[in-house]
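Data block below; observations after.
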Amino acid sequence: MLKQLSLEKIFVLITLFFGVLYIFILPPFQSVDEGMHFFRTYQISQGDLVARKQNMQVGGDVPESLENFYEMYVPLIKNIDKKVGLSDFRNNFHLQLNPEKQKFTVFTNTALYSPICYISQIPGVCLGKFLDLSLAGIYYLGRLSNLIFYCLLVYAALKITPFFKCPMFLLALMPMSLSLAASYTCDVAVLGLNFLWIATILKILTLQKPIKVNNKWIILLLFLGLLIPMTKSYILLLPLIFILPISIFKTKKDYLISVLSIFVIGIIGFSFWASCIKGLNFDMNNTFANSQMQIAFIKSHPLAYILVLIKTFIVKTPRLLVTMIGVLGWQDTKLDWITYMAYPILMYYAVVADSYQFRLEKWQKLLIICVICFGVIATYTSLYIMWSPVANSVVLGLNGKYFIPLVLPLCLLFKTKSAKYNYEYIKVAMIIAVIFILISSELSLLHRFYNLTPQLYYKI
């Protein structure tokens, strides 16, 4: 039966089943910064698209009930001794929104994100408000909306891409990816749109007939090229557009117009939102970070900063791999060691078992390597400036989820023309493995947040 169903349909079934479980197993605000994302989502749902400063704090006016709801679950954050019960879940649905009682609420670390980041959860929040649901009803409907949007984006990407369906399937269903899809976050827009971006580029690369400027795939890239740079200012994969060769276009003029238009519109989208939030800049980690002094250090000590990057790569890469696969909740719910060992192996077989007859040219691989290096350095540098003490020996604040969109381009470097293993067998084994991994991750969350097996719970 698994062989007969397309991978994208199987993805939808697995995502909706395990995603809905994530939605209700994970207590409110127990994904990293979920409270801040919820405040920003609600602010945008009121029509307030840009945050504002008040008394040197950045945020906006939202119902005070939102902050009260959030404060109920603050004691649970990173406190593995704290548990919740089913009575807490039921009591949530008695909380009223009271939208007329508004107050200025601080959500510093999400205030700079554009409304595009929240297009996946705003429909749920708006629908909940329209139906006059309780505060918890609105909250969970927003989570569900986020999950459905993610499901649709990745389904479209899997449908479009002519090859590498299995690697994309695995990345989209990592416990980290799916748990993010079932909570309030910007990462759904980042991951879903970038999967669709890569899938469309791969589709164009394999088209048999020369294409024109008005080709539907070029128009889709133009649309994505505008949206993606406005999701957390994510422009890391925008240069991938240049791996499209001139030979697949009808004329050289079509090539120049198409590729340059897509790249330029991405820069325009990035610059537009940057201008909207001009004046709202601040240090994300105001305890010991100083962005101006950090930039000055990088400029005056370039060799020292190169050593910082190298040391960070060596020291942090194992942790980044683990957090990419999944350390859930507020980075306080680890999965079993088998999951962390199995996922890289699954990715390897997914790549080498791909049977589609296509291989990149050397210049295309070189460009991808440059894009990946640029993405890693840009991510390291932004977090070094915003989160790390001045002249710190390593970059702080790194998380594996930031690098998930870079994994597919990395896998392309190892694409071969002929498959080394039977694709259908690998596909079935991969689906079964993913199901067991997601079951294990759900059990890890149940054990972390609920007092279901007290006799098995201990703290080292």
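Chain identifiers are assigned as A, B, and so on, following the order in which chains appear in the structure tokens; residues are numbered from 1 within each chain, and ligands are numbered from 1 in order of appearance.
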
Produce a table with one row for each residue of region 170-268 of chain A that has an atom at most 9 Å from any atom of region 380-404 of chain A, each row naming the nearest atom pair and its distance in Å at one decimal; use only C-alpha atoms; arrange rows by chain and rising residue number; format as a Markdown table.
```
| residue | atom | partner | partner_atom | distance |
| --- | --- | --- | --- | --- |
| A:Leu171 | CA | A:Ile404 | CA | 7.3 |
| A:Met176 | CA | A:Lys401 | CA | 7.3 |
| A:Ser177 | CA | A:Lys401 | CA | 7.7 |
| A:Asp187 | CA | A:Lys401 | CA | 8.3 |
| A:Leu191 | CA | A:Ile404 | CA | 7.5 |
```

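Minimum atom-to-atom distance to Lys365 (chain A), evaluated using only C-alpha atoms, belongs to A:Leu240 out of A:Met430, A:Met56, A:Leu240, A:Leu221.
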
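Here CA of Phe17 (chain A) and CA of Pro175 (chain A) stand 13.2 Å from one another.
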
Could you give me, as a Markdown table, a per-residue list for region 8-89 of chain A showing, wherever an atom lies at most 10 Å from an atom of region 109-121 of chain A, the closest pair of atoms and their distance in Å to one decimal, using only C-alpha atoms and sorting by chain then residue number from low to high?
```
| residue | atom | partner | partner_atom | distance |
| --- | --- | --- | --- | --- |
| A:Asp33 | CA | A:Asn109 | CA | 8.1 |
| A:Glu34 | CA | A:Thr110 | CA | 9.7 |
| A:Gly35 | CA | A:Thr110 | CA | 9.7 |
| A:Met36 | CA | A:Thr110 | CA | 6.1 |
| A:His37 | CA | A:Thr110 | CA | 6.2 |
| A:Phe38 | CA | A:Gln121 | CA | 9.0 |
| A:Phe39 | CA | A:Thr110 | CA | 8.7 |
| A:Arg40 | CA | A:Thr110 | CA | 6.6 |
| A:Thr41 | CA | A:Tyr118 | CA | 6.2 |
| A:Tyr42 | CA | A:Gln121 | CA | 9.4 |
| A:Gln43 | CA | A:Pro115 | CA | 9.8 |
| A:Ile44 | CA | A:Pro115 | CA | 6.6 |
| A:Ser45 | CA | A:Pro115 | CA | 9.2 |
| A:Gly47 | CA | A:Pro115 | CA | 9.9 |
| A:Asp48 | CA | A:Pro115 | CA | 9.4 |
| A:Leu49 | CA | A:Pro115 | CA | 6.3 |
| A:Val50 | CA | A:Ser114 | CA | 7.6 |
| A:Ala51 | CA | A:Ala111 | CA | 5.6 |
| A:Arg52 | CA | A:Ala111 | CA | 8.1 |
| A:Lys53 | CA | A:Ala111 | CA | 9.7 |
| A:Val58 | CA | A:Ala111 | CA | 6.6 |
| A:Gly59 | CA | A:Ala111 | CA | 5.9 |
| A:Gly60 | CA | A:Ala111 | CA | 8.4 |
```

Produce a file of the selected residues containing C-alpha atoms, as an mmCIF file, in the first residue's frame.
```cif
data_model
loop_
_atom_site.group_PDB
_atom_site.id
_atom_site.type_symbol
_atom_site.label_atom_id
_atom_site.label_comp_id
_atom_site.auth_asym_id
_atom_site.auth_seq_id
_atom_site.Cartn_x
_atom_site.Cartn_y
_atom_site.Cartn_z
ATOM 1 C CA ASP A 33 9.578 32.131 22.130
ATOM 2 C CA GLU A 34 6.055 30.933 21.377
ATOM 3 C CA GLY A 35 4.510 33.542 23.659
ATOM 4 C CA MET A 36 6.276 36.355 21.827
ATOM 5 C CA HIS A 37 5.169 34.926 18.472
ATOM 6 C CA PHE A 38 1.591 34.692 19.729
ATOM 7 C CA PHE A 39 1.623 38.355 20.812
ATOM 8 C CA ARG A 40 3.016 39.446 17.429
ATOM 9 C CA THR A 41 0.486 37.283 15.567
ATOM 10 C CA TYR A 42 -2.407 38.800 17.478
ATOM 11 C CA GLN A 43 -1.079 42.331 16.959
ATOM 12 C CA ILE A 44 -0.988 41.783 13.179
ATOM 13 C CA SER A 45 -4.473 40.229 13.247
ATOM 14 C CA GLY A 47 -4.223 45.393 11.585
ATOM 15 C CA ASP A 48 -1.130 46.689 13.425
ATOM 16 C CA LEU A 49 1.516 45.574 10.954
ATOM 17 C CA VAL A 50 4.541 47.349 12.450
ATOM 18 C CA ALA A 51 5.567 47.174 16.099
ATOM 19 C CA ARG A 52 6.388 50.342 18.039
ATOM 20 C CA LYS A 53 8.684 51.590 20.766
ATOM 21 C CA VAL A 58 9.441 47.285 21.611
ATOM 22 C CA GLY A 59 6.034 45.656 21.256
ATOM 23 C CA GLY A 60 2.428 46.651 20.714
#
```

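Taking the backbone of this structure through DSSP, the residues of region 97-302 of chain A that come out as strand (DSSP E or B) are A:Gln102, A:Lys103, A:Phe104, A:Thr105, A:Val106, A:Ile211, A:Phe249, A:Ala289.
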
I want to know what sits within 10 Å of Leu360 (chain A), based on only C-alpha atoms, with residues of the same chain fewer than 6 positions away left out; could you give that as a ChimeraX atom specification?
/A:205,243,366,412-417
